[in-house]
Amino acid sequence: MASESNPNGTVAVSLPSREGNMNTKPPVWPLDASGTLTPPLPARCDRHDRQDGVCCKDLKDDDDRTLIDPDVIRDIVIGLSDGLTVPFALAAGLSSLGTSRLVVAGGIAELIAGAISMGIGGFLASSAERDHYHYMRRHISARVQRSCVGEMEREVCAVLGPIGVDEQACQAVTKCLKEAEFDPEASANGSPSDEEAQLLRWKDQVGLTPFLLKFGEGMEEISIRRVYSSALTIGLGYLVGGIIPLIPYFFVPQAHVALVYSCIVTGIVLLIFGAVKSRVTGAGQGVGGYIWGAVSTLLVGGIAAAAAFALVAWLEVS
């Protein structure tokens with residue numbers, strides 16, 4: 001289905017063919033479209049005045065990578081970073097005390113306990129953040145109900161004013177949000193003592209309460225699915241990262257020899273992990289960004305392992 005712009009500014013959209021094949025993309029209206037039909041705001045674009053005829057939505061940047069949810073990346077980084085450093089540091093410290101069998105036994109015990117502990121910690125942290133969000137939502141909802149229009153306009157202006165929105169626009173935004181949140185019929189017919197008639201409508205999605213909560217307090221709701229996925233991601237990340245430094249100890253009986261292989265394997269994995277992290281988070285810009293991400297991750301893990309090994313060696317000597 002093709003669309004063409006007429007001289008009067010409207011867009012002529014052809015009917016679908018007899019075979020029933022229709023273009024999945026909606027028609028794009030010019031910015032200066034006029035006529036009996038009012039085009040929707042999301043469907044207006046200046047592509048008809050461009051030589052290439054490409055819509056703004058189809059324009060691509062030079063760096064057009066697909067990024068992963070930052071919350072998921074945060075959980076993976078927490079789990080893998082601790083998993084690669086803590087068991088490795090423990091194995092490095094135990095290497096001076098006995099054979100590889102002792103290192104494997106102690107490393108596996110710490111790995112299981114650490115994965116469970118990290119998962120529970122992620123669950124409790126997400127649950128606490130979720131509970132805090134619900135408390136702040138009830139608090140802001142009550143403040144919105146008892147506050148006058150002037151107070152709400154001041155709060156909206158405090159959020160939008162620093163980014164360049166004038167007072168008249170803030171007043172208009174406050175009016176729209178207030179009308180979207182409150183039931184007009186209940187507000188007109190209800191009395192101040194009639195609490196049920198003054199209840200907010202759709203307060204979880206639209207209106208002043210979610211606006212002030214998201215843009216004023218910088219908080220967003222955490223779903224119950226996110227709570228469990230965070231715990232699972234951190235726990236599995238710790239388990240996967242922690243098994244890597246212990247792999248050489250399964251095949252080399254001498255602990256001090258296995259430690260050398262463990263350092264090499266863990267160092268390579270830390271370099272790869274740092275480069276991949278820079279890629280999926282968007283931190284790396286070019287080869288230099290990836291190299292810095294890899295080297296910085298290796299330095300953090302190496303410093304932690306060296307500190308643990310030096311502490312165990314010092315305790316053994318003393």
# chains A, B, ... in the order shown; residues from 1 in each chain; ligands from 1

call {"tool": "residues_around", "arguments": {"residues": "Gly235 in chain A", "least_positions_apart": "6", "cutoff": "12 Å", "atoms": "only C-alpha atoms", "output": "PyMOL selection string"}}
result
chain A and resi 75-83+111-123+228-229+241-242

call {"tool": "select_by_dssp", "arguments": {"residues": "range 245-287 of chain A", "states": "helix (DSSP H, G or I)", "output": "PyMOL selection string"}}
result
chain A and resi 245-251+255-281+286-287

call {"tool": "write_last_selection", "arguments": {"atoms": "N, CA and C atoms", "output": "mmCIF file, in the first residue's frame"}}
result
data_model
loop_
_atom_site.group_PDB
_atom_site.id
_atom_site.type_symbol
_atom_site.label_atom_id
_atom_site.label_comp_id
_atom_site.auth_asym_id
_atom_site.auth_seq_id
_atom_site.Cartn_x
_atom_site.Cartn_y
_atom_site.Cartn_z
ATOM 1 N N PRO A 245 37.563 -20.257 37.952
ATOM 2 C CA PRO A 245 38.895 -20.355 38.581
ATOM 3 C C PRO A 245 39.197 -21.727 39.172
ATOM 4 N N LEU A 246 38.189 -22.547 39.429
ATOM 5 C CA LEU A 246 38.418 -23.860 40.035
ATOM 6 C C LEU A 246 38.656 -24.954 39.019
ATOM 7 N N ILE A 247 38.436 -24.699 37.739
ATOM 8 C CA ILE A 247 38.572 -25.745 36.720
ATOM 9 C C ILE A 247 39.976 -26.357 36.694
ATOM 10 N N PRO A 248 41.064 -25.572 36.723
ATOM 11 C CA PRO A 248 42.392 -26.216 36.692
ATOM 12 C C PRO A 248 42.656 -27.131 37.880
ATOM 13 N N TYR A 249 42.059 -26.871 39.018
ATOM 14 C CA TYR A 249 42.305 -27.698 40.200
ATOM 15 C C TYR A 249 41.677 -29.083 40.074
ATOM 16 N N PHE A 250 40.726 -29.252 39.154
ATOM 17 C CA PHE A 250 40.140 -30.568 38.930
ATOM 18 C C PHE A 250 41.081 -31.499 38.168
ATOM 19 N N PHE A 251 42.047 -30.943 37.433
ATOM 20 C CA PHE A 251 42.894 -31.741 36.552
ATOM 21 C C PHE A 251 44.359 -31.745 36.970
ATOM 22 N N ALA A 255 48.635 -28.083 43.863
ATOM 23 C CA ALA A 255 47.871 -26.850 43.984
ATOM 24 C C ALA A 255 48.648 -25.650 43.466
ATOM 25 N N HIS A 256 49.975 -25.614 43.720
ATOM 26 C CA HIS A 256 50.741 -24.450 43.289
ATOM 27 C C HIS A 256 50.866 -24.403 41.763
ATOM 28 N N VAL A 257 50.848 -25.563 41.111
ATOM 29 C CA VAL A 257 50.871 -25.583 39.649
ATOM 30 C C VAL A 257 49.496 -25.201 39.090
ATOM 31 N N ALA A 258 48.437 -25.730 39.724
ATOM 32 C CA ALA A 258 47.084 -25.398 39.282
ATOM 33 C C ALA A 258 46.790 -23.915 39.451
ATOM 34 N N LEU A 259 47.455 -23.281 40.439
ATOM 35 C CA LEU A 259 47.237 -21.858 40.662
ATOM 36 C C LEU A 259 47.699 -21.039 39.458
ATOM 37 N N VAL A 260 48.798 -21.457 38.847
ATOM 38 C CA VAL A 260 49.292 -20.732 37.668
ATOM 39 C C VAL A 260 48.280 -20.806 36.524
ATOM 40 N N TYR A 261 47.773 -22.016 36.272
ATOM 41 C CA TYR A 261 46.762 -22.170 35.222
ATOM 42 C C TYR A 261 45.470 -21.416 35.580
ATOM 43 N N SER A 262 45.132 -21.416 36.859
ATOM 44 C CA SER A 262 43.935 -20.707 37.291
ATOM 45 C C SER A 262 44.079 -19.204 37.052
ATOM 46 N N CYS A 263 45.262 -18.674 37.315
ATOM 47 C CA CYS A 263 45.505 -17.246 37.063
ATOM 48 C C CYS A 263 45.368 -16.924 35.586
ATOM 49 N N ILE A 264 45.903 -17.795 34.735
ATOM 50 C CA ILE A 264 45.837 -17.543 33.291
ATOM 51 C C ILE A 264 44.394 -17.605 32.800
ATOM 52 N N VAL A 265 43.672 -18.659 33.198
ATOM 53 C CA VAL A 265 42.290 -18.823 32.748
ATOM 54 C C VAL A 265 41.410 -17.681 33.259
ATOM 55 N N THR A 266 41.556 -17.349 34.537
ATOM 56 C CA THR A 266 40.735 -16.280 35.114
ATOM 57 C C THR A 266 41.062 -14.934 34.490
ATOM 58 N N GLY A 267 42.352 -14.696 34.216
ATOM 59 C CA GLY A 267 42.736 -13.440 33.570
ATOM 60 C C GLY A 267 42.139 -13.296 32.185
ATOM 61 N N ILE A 268 42.155 -14.381 31.412
ATOM 62 C CA ILE A 268 41.568 -14.329 30.068
ATOM 63 C C ILE A 268 40.068 -14.092 30.148
ATOM 64 N N VAL A 269 39.404 -14.782 31.067
ATOM 65 C CA VAL A 269 37.953 -14.615 31.202
ATOM 66 C C VAL A 269 37.613 -13.203 31.669
ATOM 67 N N LEU A 270 38.407 -12.643 32.567
ATOM 68 C CA LEU A 270 38.164 -11.269 33.019
ATOM 69 C C LEU A 270 38.325 -10.271 31.874
ATOM 70 N N LEU A 271 39.312 -10.495 31.032
ATOM 71 C CA LEU A 271 39.495 -9.610 29.875
ATOM 72 C C LEU A 271 38.297 -9.692 28.931
ATOM 73 N N ILE A 272 37.863 -10.921 28.642
ATOM 74 C CA ILE A 272 36.714 -11.092 27.744
ATOM 75 C C ILE A 272 35.455 -10.496 28.377
ATOM 76 N N PHE A 273 35.280 -10.751 29.673
ATOM 77 C CA PHE A 273 34.105 -10.235 30.374
ATOM 78 C C PHE A 273 34.084 -8.711 30.373
ATOM 79 N N GLY A 274 35.223 -8.081 30.595
ATOM 80 C CA GLY A 274 35.277 -6.618 30.585
ATOM 81 C C GLY A 274 34.976 -6.033 29.220
ATOM 82 N N ALA A 275 35.488 -6.671 28.151
ATOM 83 C CA ALA A 275 35.213 -6.176 26.803
ATOM 84 C C ALA A 275 33.746 -6.344 26.431
ATOM 85 N N VAL A 276 33.173 -7.504 26.756
ATOM 86 C CA VAL A 276 31.755 -7.737 26.452
ATOM 87 C C VAL A 276 30.873 -6.781 27.248
ATOM 88 N N LYS A 277 31.242 -6.540 28.504
ATOM 89 C CA LYS A 277 30.470 -5.604 29.332
ATOM 90 C C LYS A 277 30.483 -4.208 28.724
ATOM 91 N N SER A 278 31.617 -3.772 28.211
ATOM 92 C CA SER A 278 31.684 -2.462 27.576
ATOM 93 C C SER A 278 30.840 -2.413 26.311
ATOM 94 N N ARG A 279 30.735 -3.549 25.644
ATOM 95 C CA ARG A 279 29.942 -3.584 24.410
ATOM 96 C C ARG A 279 28.453 -3.502 24.692
ATOM 97 N N VAL A 280 27.947 -4.322 25.596
ATOM 98 C CA VAL A 280 26.499 -4.404 25.808
ATOM 99 C C VAL A 280 25.974 -3.234 26.617
ATOM 100 N N THR A 281 26.820 -2.559 27.389
ATOM 101 C CA THR A 281 26.366 -1.402 28.150
ATOM 102 C C THR A 281 26.517 -0.093 27.392
ATOM 103 N N GLY A 286 34.600 2.378 20.327
ATOM 104 C CA GLY A 286 35.760 1.997 19.543
ATOM 105 C C GLY A 286 36.612 0.972 20.265
ATOM 106 N N VAL A 287 37.751 0.692 19.655
ATOM 107 C CA VAL A 287 38.650 -0.332 20.202
ATOM 108 C C VAL A 287 39.219 0.107 21.547
#

call {"tool": "closest_residue", "arguments": {"among": "A:Ser230, A:Pro253, A:Ile224, A:Glu179", "to": "Pro70 in chain A", "atoms": "only C-alpha atoms"}}
result
A:Ser230

call {"tool": "residues_around", "arguments": {"residues": "Thr85 in chain A", "least_positions_apart": "4", "cutoff": "8 Å", "atoms": "only C-alpha atoms", "output": "list in words"}}
result
Ser81, Ala89, Gly242, Gly301, Gly302, Ala304 and Ala305 of chain A

call {"tool": "residues_around", "arguments": {"residues": "Val317 in chain A", "least_positions_apart": "5", "cutoff": "12 Å", "atoms": "only C-alpha atoms", "output": "VMD selection string"}}
result
chain A and resid 96 to 97 310 to 312
